[in-house]
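Undergrad: My structure is below; once you've seen it, I'll send some questions.
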Amino acid sequence: MSSLPIAQNVIPAGEWTGAAEVCALDYAARFLRRKRLETAQGRPFLVDLAHTTSLNHGDALVLSDGSLVEIQAADEALYQVTGPDMVRLAWHVGNRHTPCQINADQLLIQQDAVIGHMLEHLGATVTAITAPFTPEGGAYGHGRTHSHEHGATAHEH
């Protein structure tokens, strides 16, 4: 029985170079600790990180055989949000702790009929699209927003 290579370390995007196979994961799948994955080239491997980690587009997993696997944001069902008052729309999205990718002329959020309806009621144009999703990392530039908790432990690392 052959054993699969194991990834126990992550190198952040921009801090690694060289050849790497690719593994495309949607936003939810990029939040993991232990999982069997497969590269786009069909090579299986195991992820066994010390703690649950939010992987970003461009991060690399270091496999036990020394090779690298680049994490890419996979296409997923999103809403493209545009409108005349983008700051107000962004505030409403953030007030609901909804993960959001902020671009100069649009917001991208995961499809959610309730949030979409609210944004349309506020004057937004909401268009269903399929695209990679790389939302903002949270108040401290990394990690994820999970709930409406605002206690001291909610942001400790």
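By order in the structure tokens, chains are A, B, ...; within a chain, residues start at 1; ligands start at 1, following the order shown.
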Counting only C-alpha atoms, what is within 9 Å of A:Arg30, bar same-chain residues fewer than 5 positions away, as a JSON list (two decimals) with C-alpha atoms, in the first residue's frame?
TA:
[["chain", "number", "residue", "atom", "x", "y", "z"],
["A", 24, "ALA", "CA", -8.71, 24.72, -6.99],
["A", 25, "LEU", "CA", -11.03, 25.06, -3.99],
["A", 53, "THR", "CA", -6.53, 27.34, 8.48],
["A", 54, "SER", "CA", -8.06, 29.70, 5.94],
["A", 55, "LEU", "CA", -6.09, 29.16, 2.74],
["A", 56, "ASN", "CA", -5.89, 32.07, 0.34],
["A", 57, "HIS", "CA", -5.65, 32.12, -3.43],
["A", 71, "ILE", "CA", -4.17, 26.78, -3.92],
["A", 73, "ALA", "CA", -9.85, 30.07, -5.81]]
Undergrad: A:Leu4: which residues within 10 Å, counting only C-alpha atoms, same-chain residues fewer than 5 positions away excluded, as a list in words?
TA: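 My reading of the contact set: Arg36, Arg43, Pro44, Phe45, Leu46, Val47, Leu63, Ser64 and Asp65 of chain A.
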Undergrad: Those selected residues, please, written with C-alpha atoms and delivered as an mmCIF file, in the first residue's frame.
TA:
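Final file, part_33.cif:
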data_model
loop_
_atom_site.group_PDB
_atom_site.id
_atom_site.type_symbol
_atom_site.label_atom_id
_atom_site.label_comp_id
_atom_site.auth_asym_id
_atom_site.auth_seq_id
_atom_site.Cartn_x
_atom_site.Cartn_y
_atom_site.Cartn_z
ATOM 1 C CA ARG A 36 -7.830 14.380 1.365
ATOM 2 C CA ARG A 43 -2.506 13.578 -7.828
ATOM 3 C CA PRO A 44 -4.065 12.815 -4.419
ATOM 4 C CA PHE A 45 -2.562 14.121 -1.192
ATOM 5 C CA LEU A 46 -3.523 14.625 2.446
ATOM 6 C CA VAL A 47 -3.715 17.914 4.304
ATOM 7 C CA LEU A 63 4.011 18.216 0.654
ATOM 8 C CA SER A 64 6.132 15.689 2.559
ATOM 9 C CA ASP A 65 7.921 14.789 -0.692
#
Undergrad: Any chance you could tabulate, as a tab-separated table, the residues of stretch 13-88 of chain A at most 10 Å from stretch 99-119 of chain A with each one's nearest atom pair and distance in Å to one decimal, using only C-alpha atoms, in chain and rising number order?
TA:
residue	atom	partner	partner_atom	distance
A:Tyr27	CA	A:Gln110	CA	9.2
A:Glu76	CA	A:Gln110	CA	8.0
A:Ala77	CA	A:Gln111	CA	6.0
A:Leu78	CA	A:Gln110	CA	4.4
A:Tyr79	CA	A:Ile109	CA	5.3
A:Gln80	CA	A:Leu108	CA	4.8
A:Val81	CA	A:Leu107	CA	5.0
A:Thr82	CA	A:Gln106	CA	5.0
A:Gly83	CA	A:Gln106	CA	8.0
A:Pro84	CA	A:Asp105	CA	9.9
A:Met86	CA	A:Gln106	CA	7.5
A:Arg88	CA	A:Leu119	CA	10.0
Undergrad: In stretch 79-144 of chain A, what's strand (DSSP E or B) per DSSP? Answer as a VMD selection string?
TA: chain A and resid 79 to 82 100 to 102 107 to 110 125 to 132
Undergrad: For N, CA, C and O atoms, I'd like the residues from the last selection saved as a PDB file, in the first residue's frame.
TA:
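Output file out.pdb is given in full below:
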ATOM      1  N   TYR A  79     -23.008  36.675  -6.370  1.00  0.00           N
ATOM      2  CA  TYR A  79     -23.753  37.843  -6.833  1.00  0.00           C
ATOM      3  C   TYR A  79     -22.746  38.957  -7.069  1.00  0.00           C
ATOM      4  O   TYR A  79     -21.895  39.238  -6.217  1.00  0.00           O
ATOM      5  N   GLN A  80     -22.872  39.596  -8.222  1.00  0.00           N
ATOM      6  CA  GLN A  80     -22.115  40.810  -8.532  1.00  0.00           C
ATOM      7  C   GLN A  80     -23.042  41.962  -8.171  1.00  0.00           C
ATOM      8  O   GLN A  80     -24.164  42.049  -8.692  1.00  0.00           O
ATOM      9  N   VAL A  81     -22.595  42.826  -7.280  1.00  0.00           N
ATOM     10  CA  VAL A  81     -23.426  43.910  -6.769  1.00  0.00           C
ATOM     11  C   VAL A  81     -22.849  45.239  -7.243  1.00  0.00           C
ATOM     12  O   VAL A  81     -21.683  45.535  -6.999  1.00  0.00           O
ATOM     13  N   THR A  82     -23.669  46.022  -7.919  1.00  0.00           N
ATOM     14  CA  THR A  82     -23.279  47.372  -8.357  1.00  0.00           C
ATOM     15  C   THR A  82     -24.408  48.326  -8.010  1.00  0.00           C
ATOM     16  O   THR A  82     -25.534  47.909  -7.749  1.00  0.00           O
ATOM     17  N   CYS A 100     -17.205  39.269   1.648  1.00  0.00           N
ATOM     18  CA  CYS A 100     -17.376  40.158   0.496  1.00  0.00           C
ATOM     19  C   CYS A 100     -16.034  40.453  -0.152  1.00  0.00           C
ATOM     20  O   CYS A 100     -15.068  40.807   0.526  1.00  0.00           O
ATOM     21  N   GLN A 101     -16.004  40.305  -1.467  1.00  0.00           N
ATOM     22  CA  GLN A 101     -14.845  40.716  -2.256  1.00  0.00           C
ATOM     23  C   GLN A 101     -15.140  42.116  -2.746  1.00  0.00           C
ATOM     24  O   GLN A 101     -16.129  42.344  -3.448  1.00  0.00           O
ATOM     25  N   ILE A 102     -14.290  43.059  -2.386  1.00  0.00           N
ATOM     26  CA  ILE A 102     -14.524  44.466  -2.716  1.00  0.00           C
ATOM     27  C   ILE A 102     -13.621  44.872  -3.861  1.00  0.00           C
ATOM     28  O   ILE A 102     -12.394  44.839  -3.745  1.00  0.00           O
ATOM     29  N   LEU A 107     -19.111  44.797  -5.784  1.00  0.00           N
ATOM     30  CA  LEU A 107     -18.928  43.884  -4.671  1.00  0.00           C
ATOM     31  C   LEU A 107     -19.267  42.496  -5.180  1.00  0.00           C
ATOM     32  O   LEU A 107     -20.169  42.344  -6.014  1.00  0.00           O
ATOM     33  N   LEU A 108     -18.577  41.489  -4.696  1.00  0.00           N
ATOM     34  CA  LEU A 108     -18.929  40.107  -4.988  1.00  0.00           C
ATOM     35  C   LEU A 108     -19.235  39.425  -3.669  1.00  0.00           C
ATOM     36  O   LEU A 108     -18.450  39.525  -2.716  1.00  0.00           O
ATOM     37  N   ILE A 109     -20.389  38.748  -3.609  1.00  0.00           N
ATOM     38  CA  ILE A 109     -20.785  37.993  -2.431  1.00  0.00           C
ATOM     39  C   ILE A 109     -21.305  36.634  -2.878  1.00  0.00           C
ATOM     40  O   ILE A 109     -21.703  36.462  -4.033  1.00  0.00           O
ATOM     41  N   GLN A 110     -21.305  35.677  -1.961  1.00  0.00           N
ATOM     42  CA  GLN A 110     -21.896  34.383  -2.282  1.00  0.00           C
ATOM     43  C   GLN A 110     -23.400  34.560  -2.455  1.00  0.00           C
ATOM     44  O   GLN A 110     -24.021  35.418  -1.816  1.00  0.00           O
ATOM     45  N   THR A 125     -28.005  46.814  -8.229  1.00  0.00           N
ATOM     46  CA  THR A 125     -28.206  45.845  -9.296  1.00  0.00           C
ATOM     47  C   THR A 125     -27.461  44.594  -8.872  1.00  0.00           C
ATOM     48  O   THR A 125     -26.253  44.636  -8.613  1.00  0.00           O
ATOM     49  N   VAL A 126     -28.185  43.482  -8.766  1.00  0.00           N
ATOM     50  CA  VAL A 126     -27.613  42.225  -8.298  1.00  0.00           C
ATOM     51  C   VAL A 126     -27.683  41.221  -9.444  1.00  0.00           C
ATOM     52  O   VAL A 126     -28.763  40.890  -9.920  1.00  0.00           O
ATOM     53  N   THR A 127     -26.528  40.762  -9.896  1.00  0.00           N
ATOM     54  CA  THR A 127     -26.434  39.854 -11.043  1.00  0.00           C
ATOM     55  C   THR A 127     -25.777  38.551 -10.609  1.00  0.00           C
ATOM     56  O   THR A 127     -24.691  38.568 -10.010  1.00  0.00           O
ATOM     57  N   ALA A 128     -26.422  37.428 -10.908  1.00  0.00           N
ATOM     58  CA  ALA A 128     -25.841  36.122 -10.611  1.00  0.00           C
ATOM     59  C   ALA A 128     -24.708  35.846 -11.594  1.00  0.00           C
ATOM     60  O   ALA A 128     -24.880  35.979 -12.806  1.00  0.00           O
ATOM     61  N   ILE A 129     -23.547  35.480 -11.064  1.00  0.00           N
ATOM     62  CA  ILE A 129     -22.386  35.149 -11.888  1.00  0.00           C
ATOM     63  C   ILE A 129     -21.687  33.915 -11.315  1.00  0.00           C
ATOM     64  O   ILE A 129     -21.971  33.506 -10.190  1.00  0.00           O
ATOM     65  N   THR A 130     -20.776  33.373 -12.071  1.00  0.00           N
ATOM     66  CA  THR A 130     -19.891  32.315 -11.597  1.00  0.00           C
ATOM     67  C   THR A 130     -18.468  32.822 -11.771  1.00  0.00           C
ATOM     68  O   THR A 130     -18.072  33.202 -12.877  1.00  0.00           O
ATOM     69  N   ALA A 131     -17.717  32.856 -10.662  1.00  0.00           N
ATOM     70  CA  ALA A 131     -16.353  33.395 -10.690  1.00  0.00           C
ATOM     71  C   ALA A 131     -15.607  32.927  -9.443  1.00  0.00           C
ATOM     72  O   ALA A 131     -16.232  32.485  -8.484  1.00  0.00           O
ATOM     73  N   PRO A 132     -14.275  33.065  -9.447  1.00  0.00           N
ATOM     74  CA  PRO A 132     -13.524  32.792  -8.218  1.00  0.00           C
ATOM     75  C   PRO A 132     -13.895  33.823  -7.151  1.00  0.00           C
ATOM     76  O   PRO A 132     -14.208  34.973  -7.481  1.00  0.00           O
TER      77      PRO A 132
END
Undergrad: Could you jot down the atom CA of A:His121 to atom CA of A:Glu136 separation for me, Å, one decimal place?
TA: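 About the pair atom CA of A:His121 and atom CA of A:Glu136: they are 24.2 Å apart.
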Undergrad: Please give the complete set of residues from stretch 36-136 of chain A that DSSP, run on the backbone, assigns to alpha helix (DSSP H), formatted as a list in words.
TA: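 Secondary structure check on stretch 36-136 of chain A, alpha helix (DSSP H): Met86, Val87, Arg88, Leu89, Ala90, Trp91, His92, Val93, Gly94, Asn95, Ala113, Val114, Ile115, Gly116, His117, Met118, Leu119, Glu120 and His121 of chain A.
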Undergrad: Give me the residues near stretch 11-21 of chain A as an mmCIF file with N, CA, C and O atoms, in the first residue's frame, where near means some atom within 10 Å (using only C-alpha atoms) and where sequence neighbours in that chain fewer than 5 positions away do not count.
TA:
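The file below, part.cif, is the result:
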data_model
loop_
_atom_site.group_PDB
_atom_site.id
_atom_site.type_symbol
_atom_site.label_atom_id
_atom_site.label_comp_id
_atom_site.auth_asym_id
_atom_site.auth_seq_id
_atom_site.Cartn_x
_atom_site.Cartn_y
_atom_site.Cartn_z
ATOM 1 N N GLU A 38 -7.083 16.521 -4.093
ATOM 2 C CA GLU A 38 -6.456 16.064 -5.330
ATOM 3 C C GLU A 38 -6.099 17.286 -6.171
ATOM 4 O O GLU A 38 -6.870 18.243 -6.250
ATOM 5 N N THR A 39 -4.938 17.242 -6.799
ATOM 6 C CA THR A 39 -4.539 18.344 -7.663
ATOM 7 C C THR A 39 -5.325 18.281 -8.974
ATOM 8 O O THR A 39 -5.929 17.253 -9.296
ATOM 9 N N ALA A 40 -5.291 19.353 -9.734
ATOM 10 C CA ALA A 40 -5.941 19.384 -11.049
ATOM 11 C C ALA A 40 -5.322 18.341 -11.977
ATOM 12 O O ALA A 40 -5.966 17.883 -12.923
ATOM 13 N N GLN A 41 -4.090 17.958 -11.676
ATOM 14 C CA GLN A 41 -3.397 16.952 -12.468
ATOM 15 C C GLN A 41 -3.769 15.525 -12.045
ATOM 16 O O GLN A 41 -3.286 14.557 -12.607
ATOM 17 N N GLY A 42 -4.620 15.387 -11.018
ATOM 18 C CA GLY A 42 -5.091 14.073 -10.581
ATOM 19 C C GLY A 42 -4.274 13.415 -9.487
ATOM 20 O O GLY A 42 -4.480 12.251 -9.163
ATOM 21 N N ARG A 43 -3.364 14.141 -8.876
ATOM 22 C CA ARG A 43 -2.506 13.578 -7.828
ATOM 23 C C ARG A 43 -3.156 13.768 -6.456
ATOM 24 O O ARG A 43 -3.360 14.893 -6.003
ATOM 25 N N LEU A 55 -7.053 29.055 3.840
ATOM 26 C CA LEU A 55 -6.092 29.156 2.741
ATOM 27 C C LEU A 55 -6.541 30.228 1.764
ATOM 28 O O LEU A 55 -7.731 30.335 1.455
ATOM 29 N N ASN A 56 -5.601 31.003 1.290
ATOM 30 C CA ASN A 56 -5.886 32.073 0.340
ATOM 31 C C ASN A 56 -5.447 31.680 -1.066
ATOM 32 O O ASN A 56 -4.543 30.850 -1.231
ATOM 33 N N HIS A 57 -6.059 32.301 -2.040
ATOM 34 C CA HIS A 57 -5.654 32.124 -3.434
ATOM 35 C C HIS A 57 -4.165 32.450 -3.535
ATOM 36 O O HIS A 57 -3.712 33.497 -3.077
ATOM 37 N N GLY A 58 -3.390 31.518 -4.071
ATOM 38 C CA GLY A 58 -1.953 31.730 -4.240
ATOM 39 C C GLY A 58 -1.088 31.155 -3.139
ATOM 40 O O GLY A 58 0.137 31.113 -3.289
ATOM 41 N N ASP A 59 -1.683 30.719 -2.028
ATOM 42 C CA ASP A 59 -0.897 30.037 -0.999
ATOM 43 C C ASP A 59 -0.392 28.718 -1.570
ATOM 44 O O ASP A 59 -0.978 28.162 -2.501
ATOM 45 N N ALA A 60 0.676 28.193 -0.979
ATOM 46 C CA ALA A 60 1.196 26.889 -1.399
ATOM 47 C C ALA A 60 1.250 25.949 -0.206
ATOM 48 O O ALA A 60 1.678 26.329 0.885
ATOM 49 N N LEU A 61 0.793 24.735 -0.426
ATOM 50 C CA LEU A 61 0.959 23.667 0.556
ATOM 51 C C LEU A 61 2.265 22.958 0.239
ATOM 52 O O LEU A 61 2.570 22.684 -0.922
ATOM 53 N N VAL A 62 3.052 22.680 1.266
ATOM 54 C CA VAL A 62 4.313 21.970 1.105
ATOM 55 C C VAL A 62 4.055 20.502 1.433
ATOM 56 O O VAL A 62 3.674 20.168 2.556
ATOM 57 N N SER A 67 7.422 18.653 -2.776
ATOM 58 C CA SER A 67 6.742 19.367 -3.856
ATOM 59 C C SER A 67 5.732 20.371 -3.279
ATOM 60 O O SER A 67 5.374 20.316 -2.098
ATOM 61 N N LEU A 68 5.305 21.283 -4.135
ATOM 62 C CA LEU A 68 4.348 22.315 -3.734
ATOM 63 C C LEU A 68 3.035 22.133 -4.475
ATOM 64 O O LEU A 68 3.008 21.711 -5.634
ATOM 65 N N VAL A 69 1.940 22.503 -3.803
ATOM 66 C CA VAL A 69 0.613 22.546 -4.420
ATOM 67 C C VAL A 69 0.070 23.949 -4.203
ATOM 68 O O VAL A 69 -0.112 24.382 -3.063
ATOM 69 N N GLU A 70 -0.158 24.661 -5.316
ATOM 70 C CA GLU A 70 -0.708 26.011 -5.240
ATOM 71 C C GLU A 70 -2.223 25.949 -5.091
ATOM 72 O O GLU A 70 -2.910 25.268 -5.841
ATOM 73 N N ILE A 71 -2.728 26.682 -4.124
ATOM 74 C CA ILE A 71 -4.174 26.782 -3.918
ATOM 75 C C ILE A 71 -4.706 27.903 -4.799
ATOM 76 O O ILE A 71 -4.170 29.012 -4.788
#
